[in-house]
Amino acid sequence: MAEHVIHMPCNEEQIRELKAGDTVILEDWLYGIRDATQIHMFDKGRKTKFDLNGHAVIHTAPNVKKVPKSNFCPAGYESVCIGTTTSQRMERFTRPLMQEYGVRMVIGKGGLGEDSRAAFKEFGGIYLAIIGGTAALETTWIEQITDVDLEDLNPECLWEFKIKGFGPLLVAMDAHGGSLYDGVKKTAEDRRAEALASMGVSS
Amino acid sequence: MKLDLAAVEETAKHLYIQALKILPPDIKDGFKRLDATETDPTAKSILATMIKNIDVAEDTTNLLCQDTGIPIYNILIGRGVEVDGHALKEAIRKGCERATTEHPLRSSVVHPITRVNEQTSCGIKVPVITIDFSDKDEFFEMEMIPKGSGSENGSFLKMCIPAEGVAGIKTFVVDKVMEVGGRVCPPTIVGVGVGGTSDLCTKLAKKAGARPLGSVCDDPEGAKLEKELSAAVNMLGIGPQGLGGDSTAFAVHVETAATHITMNPVAVNIMCHSARRARATFTPKGVEIGF
């Protein structure tokens with residue numbers, strides 16, 4: 001299980017080197033994206049001004065404070081608490097994010113589905129699992145909110161973050177079809193009968 | 001005792017913010033217990049990060065989780081309490097709104113059809129306010145729960161039939177815990193409602209999921225069931241964040257209600273590991289804030 005530090009943006013070769021079970025620390029740039037952001041980008045025809053090619057997106061909708069624009073807060077937002085939401089709801093957007101925008105990494109919690117697995121394999125992408133519900137810690141890895149797009153969707157805008165030592169994150173789905181969730185699912189299925197039997201239920 | 005509505009508003013604001021920042025002691029103890037017994041190395045490191053996050057949130061007075069949830073206020077009114085019910089609900093709503101705009105907090109609440117966010121954490125019938133009554137004299141209690149969406153999306157109801165028996169209930173709970181896997185941010189408290197009507201059953205599941213760890217169902221049959229289910233779901237190996245391990249749930253909690261001869265309803269409502277809760281009691285002695 002190798003440990004990697006990756007400066008963003010990254011390329012396909014770097015992604016293909018990563019294997020499920022490795023850990024990654026990201027540096028420099030990260031983009032925050034959410035349900036409404038992607039519904040507007042892929043169902044309602046809106047485009048983002050950001051170049052997401054080779055970048056990582058995190059499933060988030062942060063707590064922010066609106067402040068006057070300054071060198072430290074160029075977008076007019078100060079971070080209050082930035083965390084991660086459940087990824088599965090946004091399953092159908094992984095493919096267009098990669099195909100249309102060249103996104104290489106999706107960060108979230110709880111894992112993604114079969115179409116994402118196929119898209120990661122086809123285009124060279126990975127899913128990085130962060131620990132959900134640990135936003136106070138995650139916030140300390142974010143230096144500033146540098147820019148924002150689709151701002152009317154607040155808090156579900158497309159956020160640009162400057163990051164430092166963002167992680168460790170776990171490679172939970174890699175670009176070779178590997179997924180840590182497969183093993184867990186199989187274990188649970190194998191143990192289901194035993195769990196029910198412990199309560200006197202036959203399956 | 002005449003209820004001071006200005007104090008109610010202030011408390012509604014305070015409890016929302018406190019609940020988002022400080023976990024109750026029973027949940028912290030629950031983490032210690034899981035950490036002591038967990039055998040999977042990945043699961044152990046995830047639990048350690050969760051425990052670290054609790055400390056970071058308190059040290060930086062920040063929110064534990066970015067999800068400010070759907071605000072829920074559970075009100076319990078004792079005997080001899082004088083209050084204008086409508087004004088009480090308005091005061092709670094105002095406090096909730098002020099927590100959001102003054103802290104500030106992310107408003108996670110939108111109109112269900114237009115998806116418009118008023119940026120106040122309020123909307124039609126939200127905050128959710130439930131009101132019940134107690135036989136305690138001169139007593140008023142406000143419990144605040146910011147219910148996170150990751151776990152609230154792990155809510156299910158099945159109108160089992162009597163022929164499916166308790167086995168149907170047990171199977172449903174185990175299968176739903178398997179189905180949601182890591183999406184509900186385990187380790188969780190699995191709230192289970194058994195009996196009642198469909199709406200009461202769902203309400204019981206919500207109540208069960210929000211109960212403090214270590215508490216036991218008042219109904220001995222429910223207590224027996226929650227013990228069995230707690231052991232069973234932790235045999236599945238789903239683990240923290242669904243990445244494997246022993247610690248799938250802190251506990252399964254069950255609440256029961258009588259039901260119809262032709263019915264056998266079961267509901268599941270899950271509480272994530274950030275099992276946030278804050279409580280205030282109003283008595284003639286003053287307002288006491290806790291969990």
# chains A, B, ... in the order shown; residues from 1 in each chain; ligands from 1
$ select_by_dssp --residues "chain A" --states "strand (DSSP E or B)" --output "PyMOL selection string"
chain A and resi 3-7+23-33+56-59+63-66+77-81+86+105-109+126-129+142-149+158-173+179
$ residues_around --residues "region 257-270 of chain B" --least-positions-apart "5" --cutoff "7 Å" --atoms "only C-alpha atoms" --output "list in words"
Ser151, Glu152, Gly154, Ser155, Phe156, Leu157, Lys158, Met159, Cys160, Ile161, Pro162, Ile169, Val173, Thr188, Ile189, Val190, Gly191, Val192, Gly193, Val194, Gly195, Gly196, Thr197, Ser198, Cys201, Thr202, Ala205, Lys206 and Gly209 of chain B
$ write_last_selection --atoms "C-alpha atoms" --output "compact mmCIF listing (two decimals), in the first residue's frame"
# COMPACT_ATOMS: atom_id res chain seq x y z
CA SER B 151 -27.99 9.19 7.13
CA GLU B 152 -31.52 10.57 6.69
CA GLY B 154 -31.04 5.86 4.83
CA SER B 155 -34.72 5.84 5.81
CA PHE B 156 -37.06 3.01 4.91
CA LEU B 157 -40.53 1.72 5.68
CA LYS B 158 -41.97 -1.70 5.00
CA MET B 159 -45.54 -2.65 5.75
CA CYS B 160 -44.74 -6.28 6.56
CA ILE B 161 -47.70 -8.60 7.03
CA PRO B 162 -48.37 -10.60 10.21
CA ILE B 169 -38.65 -7.23 10.88
CA VAL B 173 -33.23 -4.25 9.29
CA THR B 188 -24.21 4.50 13.02
CA ILE B 189 -27.09 4.27 15.43
CA VAL B 190 -29.72 2.27 13.56
CA GLY B 191 -33.14 3.52 14.63
CA VAL B 192 -35.92 0.98 14.20
CA GLY B 193 -39.63 1.58 14.59
CA VAL B 194 -41.88 -1.43 15.07
CA GLY B 195 -45.66 -1.24 14.95
CA GLY B 196 -48.10 1.68 14.85
CA THR B 197 -49.39 3.18 11.61
CA SER B 198 -47.02 3.93 8.73
CA CYS B 201 -43.69 3.71 12.71
CA THR B 202 -41.39 6.11 10.82
CA ALA B 205 -37.55 4.92 14.04
CA LYS B 206 -36.44 8.56 14.10
CA GLY B 209 -32.03 6.70 16.21
$ closest_atom_pairs --of "chain A" --to "chain B" --cutoff "8 Å" --atoms "only C-alpha atoms" --output "CSV"
residue,atom,partner,partner_atom,distance
A:Ala61,CA,B:Gln66,CA,7.5
A:Pro62,CA,B:Gln66,CA,6.1
A:Asn63,CA,B:Arg106,CA,4.6
A:Val64,CA,B:Arg106,CA,6.9
A:Lys65,CA,B:Pro104,CA,6.4
A:Val80,CA,B:Asn62,CA,7.4
A:Cys81,CA,B:Gln66,CA,5.6
A:Ile82,CA,B:Gln66,CA,5.6
A:Gly83,CA,B:Gln66,CA,4.9
A:Thr84,CA,B:Gln66,CA,7.2
A:Thr85,CA,B:Gly150,CA,7.0
A:Thr86,CA,B:Arg183,CA,5.8
A:Ser87,CA,B:Arg183,CA,7.7
A:Gln88,CA,B:Arg183,CA,7.3
A:Lys109,CA,B:Arg183,CA,6.8
A:Gly110,CA,B:Arg183,CA,4.3
A:Gly111,CA,B:Gly182,CA,7.4
A:Ile131,CA,B:Gln241,CA,6.8
A:Gly132,CA,B:Cys185,CA,6.1
A:Gly133,CA,B:Cys65,CA,4.6
A:Thr134,CA,B:Asn53,CA,5.3
A:Ala135,CA,B:Cys65,CA,4.7
A:Ala136,CA,B:Ala57,CA,5.1
A:Leu137,CA,B:Asn53,CA,5.4
A:Pro155,CA,B:Arg106,CA,6.9
A:Leu180,CA,B:Leu243,CA,6.7
A:Tyr181,CA,B:Leu243,CA,6.3
A:Val184,CA,B:Gly244,CA,5.4
A:Lys185,CA,B:Ile238,CA,7.4
A:Thr187,CA,B:Gly237,CA,6.4
A:Ala188,CA,B:Leu236,CA,4.6
A:Glu189,CA,B:Leu236,CA,7.7
A:Arg191,CA,B:Leu236,CA,5.6
A:Arg192,CA,B:Leu236,CA,6.5
A:Glu194,CA,B:Met235,CA,8.0
A:Ala195,CA,B:Ala232,CA,4.7
A:Leu196,CA,B:Ala232,CA,6.8
A:Ser198,CA,B:Ala232,CA,6.7
A:Met199,CA,B:Glu228,CA,6.1
A:Gly200,CA,B:Ala167,CA,8.0
A:Val201,CA,B:Ala167,CA,5.7
$ residues_around --residues "Leu76 (chain B)" --least-positions-apart "2" --cutoff "6 Å" --atoms "only C-alpha atoms" --output "JSON, numbers by chain"
{"B": [131, 132, 133, 140, 141]}
$ select_by_dssp --residues "region 120-196 of chain A" --states "helix (DSSP H, G or I)" --output "list in words"
Phe120, Lys121, Glu122, Phe123, Ala135, Ala136, Leu137, Glu138, Thr139, Glu151, Asp152, Leu153, Leu180, Tyr181, Asp182, Gly183, Val184, Lys185, Lys186, Thr187, Ala188, Glu189, Asp190, Arg191, Arg192, Ala193, Glu194, Ala195 and Leu196 of chain A
$ write_last_selection --atoms "N, CA and C atoms" --output "CSV table (one decimal), in the first residue's frame"
chain,number,residue,atom,x,y,z
A,120,PHE,N,-13.7,5.4,-14.8
A,120,PHE,CA,-12.3,5.5,-14.3
A,120,PHE,C,-11.4,4.7,-15.1
A,121,LYS,N,-11.8,3.5,-15.5
A,121,LYS,CA,-11.0,2.5,-16.2
A,121,LYS,C,-10.7,3.1,-17.6
A,122,GLU,N,-11.8,3.6,-18.2
A,122,GLU,CA,-11.8,4.0,-19.6
A,122,GLU,C,-10.9,5.3,-19.8
A,123,PHE,N,-11.1,6.3,-19.0
A,123,PHE,CA,-10.5,7.6,-19.2
A,123,PHE,C,-9.2,7.8,-18.2
A,135,ALA,N,-15.3,17.0,9.1
A,135,ALA,CA,-15.1,18.3,8.4
A,135,ALA,C,-14.2,19.3,9.2
A,136,ALA,N,-14.2,19.3,10.5
A,136,ALA,CA,-13.4,20.2,11.3
A,136,ALA,C,-12.0,20.0,10.9
A,137,LEU,N,-11.6,18.8,10.8
A,137,LEU,CA,-10.2,18.4,10.4
A,137,LEU,C,-9.9,18.8,9.0
A,138,GLU,N,-10.8,18.4,8.1
A,138,GLU,CA,-10.7,18.7,6.7
A,138,GLU,C,-10.5,20.2,6.4
A,139,THR,N,-11.2,21.0,7.2
A,139,THR,CA,-11.1,22.5,7.0
A,139,THR,C,-9.7,23.0,7.2
A,151,GLU,N,-22.4,30.9,-8.9
A,151,GLU,CA,-22.5,31.4,-7.5
A,151,GLU,C,-24.0,31.4,-7.0
A,152,ASP,N,-24.9,31.5,-8.0
A,152,ASP,CA,-26.3,31.6,-7.6
A,152,ASP,C,-26.8,30.3,-6.9
A,153,LEU,N,-26.0,29.2,-7.0
A,153,LEU,CA,-26.4,27.9,-6.4
A,153,LEU,C,-25.9,27.8,-5.0
A,180,LEU,N,-12.2,-1.1,-3.2
A,180,LEU,CA,-12.2,-1.6,-1.8
A,180,LEU,C,-13.6,-2.0,-1.4
A,181,TYR,N,-14.6,-1.4,-2.0
A,181,TYR,CA,-16.0,-1.7,-1.6
A,181,TYR,C,-16.5,-3.1,-2.0
A,182,ASP,N,-15.8,-3.7,-3.0
A,182,ASP,CA,-16.2,-5.0,-3.5
A,182,ASP,C,-16.1,-6.0,-2.4
A,183,GLY,N,-14.9,-6.0,-1.7
A,183,GLY,CA,-14.5,-7.0,-0.7
A,183,GLY,C,-15.5,-6.9,0.5
A,184,VAL,N,-15.8,-5.6,0.8
A,184,VAL,CA,-16.7,-5.4,2.0
A,184,VAL,C,-18.1,-5.9,1.7
A,185,LYS,N,-18.5,-5.7,0.4
A,185,LYS,CA,-19.9,-6.1,0.0
A,185,LYS,C,-20.0,-7.6,0.0
A,186,LYS,N,-18.9,-8.3,-0.4
A,186,LYS,CA,-18.9,-9.7,-0.5
A,186,LYS,C,-18.9,-10.3,0.9
A,187,THR,N,-18.1,-9.7,1.8
A,187,THR,CA,-18.1,-10.2,3.2
A,187,THR,C,-19.5,-10.1,3.8
A,188,ALA,N,-20.1,-8.9,3.6
A,188,ALA,CA,-21.5,-8.7,4.2
A,188,ALA,C,-22.5,-9.8,3.7
A,189,GLU,N,-22.4,-10.0,2.3
A,189,GLU,CA,-23.3,-11.0,1.7
A,189,GLU,C,-23.0,-12.4,2.3
A,190,ASP,N,-21.7,-12.7,2.5
A,190,ASP,CA,-21.4,-14.0,3.0
A,190,ASP,C,-21.8,-14.2,4.5
A,191,ARG,N,-21.8,-13.1,5.2
A,191,ARG,CA,-22.2,-13.2,6.6
A,191,ARG,C,-23.6,-13.0,7.0
A,192,ARG,N,-24.4,-12.6,5.9
A,192,ARG,CA,-25.8,-12.3,6.2
A,192,ARG,C,-26.6,-13.4,6.8
A,193,ALA,N,-26.4,-14.7,6.3
A,193,ALA,CA,-27.1,-15.8,6.8
A,193,ALA,C,-26.8,-16.1,8.3
A,194,GLU,N,-25.5,-15.9,8.6
A,194,GLU,CA,-25.0,-16.1,10.0
A,194,GLU,C,-25.6,-15.0,10.9
A,195,ALA,N,-25.7,-13.8,10.4
A,195,ALA,CA,-26.2,-12.7,11.3
A,195,ALA,C,-27.7,-13.0,11.5
A,196,LEU,N,-28.4,-13.4,10.5
A,196,LEU,CA,-29.9,-13.7,10.7
A,196,LEU,C,-30.1,-14.9,11.6
$ closest_residue --among "B:Ile145, B:Val216, B:Ala48, B:Met1" --to "Ile77 (chain B)" --atoms "only C-alpha atoms"
B:Met1
$ residues_around --residues "Leu170 (chain A)" --least-positions-apart "4" --cutoff "12 Å" --atoms "only C-alpha atoms" --output "number ranges by chain"
A: 1-4, 18-26, 105-111, 126-131, 166, 174, 179-181; B: 42, 45-46, 241, 243
$ residues_around --residues "Gly123 (chain B)" --least-positions-apart "3" --cutoff "7 Å" --atoms "only C-alpha atoms" --output "ChimeraX atom specification"
/B:109-111,126
$ residues_around --residues "Val8 (chain B)" --least-positions-apart "3" --cutoff "10 Å" --atoms "only C-alpha atoms" --output "MDAnalysis selection string"
chainID B and resid 3:5 11:14 88:92 94:95 142 280 282 287
$ write_last_selection --atoms "C-alpha atoms" --output "mmCIF file, in the first residue's frame"
data_model
loop_
_atom_site.group_PDB
_atom_site.id
_atom_site.type_symbol
_atom_site.label_atom_id
_atom_site.label_comp_id
_atom_site.auth_asym_id
_atom_site.auth_seq_id
_atom_site.Cartn_x
_atom_site.Cartn_y
_atom_site.Cartn_z
ATOM 1 C CA LEU B 3 -42.338 30.585 29.493
ATOM 2 C CA ASP B 4 -40.037 33.448 28.474
ATOM 3 C CA LEU B 5 -40.203 33.379 24.676
ATOM 4 C CA THR B 11 -31.934 28.834 23.348
ATOM 5 C CA ALA B 12 -33.161 27.570 19.958
ATOM 6 C CA LYS B 13 -30.279 29.487 18.370
ATOM 7 C CA HIS B 14 -27.711 28.327 20.929
ATOM 8 C CA LEU B 88 -43.557 29.246 20.838
ATOM 9 C CA LYS B 89 -43.186 27.842 17.318
ATOM 10 C CA GLU B 90 -42.400 31.305 15.951
ATOM 11 C CA ALA B 91 -39.701 31.823 18.607
ATOM 12 C CA ILE B 92 -38.046 28.502 17.759
ATOM 13 C CA LYS B 94 -36.606 32.728 14.695
ATOM 14 C CA GLY B 95 -33.830 31.203 16.811
ATOM 15 C CA MET B 142 -36.161 21.556 24.085
ATOM 16 C CA ALA B 280 -32.144 22.593 27.288
ATOM 17 C CA PHE B 282 -36.500 25.314 31.549
ATOM 18 C CA VAL B 287 -32.418 27.379 31.861
#
$ decode --residues "region 75-86 of chain A" --atoms "C-alpha atoms" --output "JSON list (two decimals), in the first residue's frame"
[["chain", "number", "residue", "atom", "x", "y", "z"],
["A", 75, "ALA", "CA", -13.73, 35.44, -4.08],
["A", 76, "GLY", "CA", -15.33, 37.27, -1.15],
["A", 77, "TYR", "CA", -15.79, 34.07, 0.86],
["A", 78, "GLU", "CA", -14.03, 32.88, 3.99],
["A", 79, "SER", "CA", -14.23, 29.17, 4.82],
["A", 80, "VAL", "CA", -16.09, 28.25, 8.01],
["A", 81, "CYS", "CA", -16.40, 24.48, 7.71],
["A", 82, "ILE", "CA", -15.69, 22.40, 4.62],
["A", 83, "GLY", "CA", -16.52, 18.72, 4.56],
["A", 84, "THR", "CA", -17.67, 15.94, 2.27],
["A", 85, "THR", "CA", -21.04, 14.54, 1.33],
["A", 86, "THR", "CA", -22.26, 11.09, 0.18]]
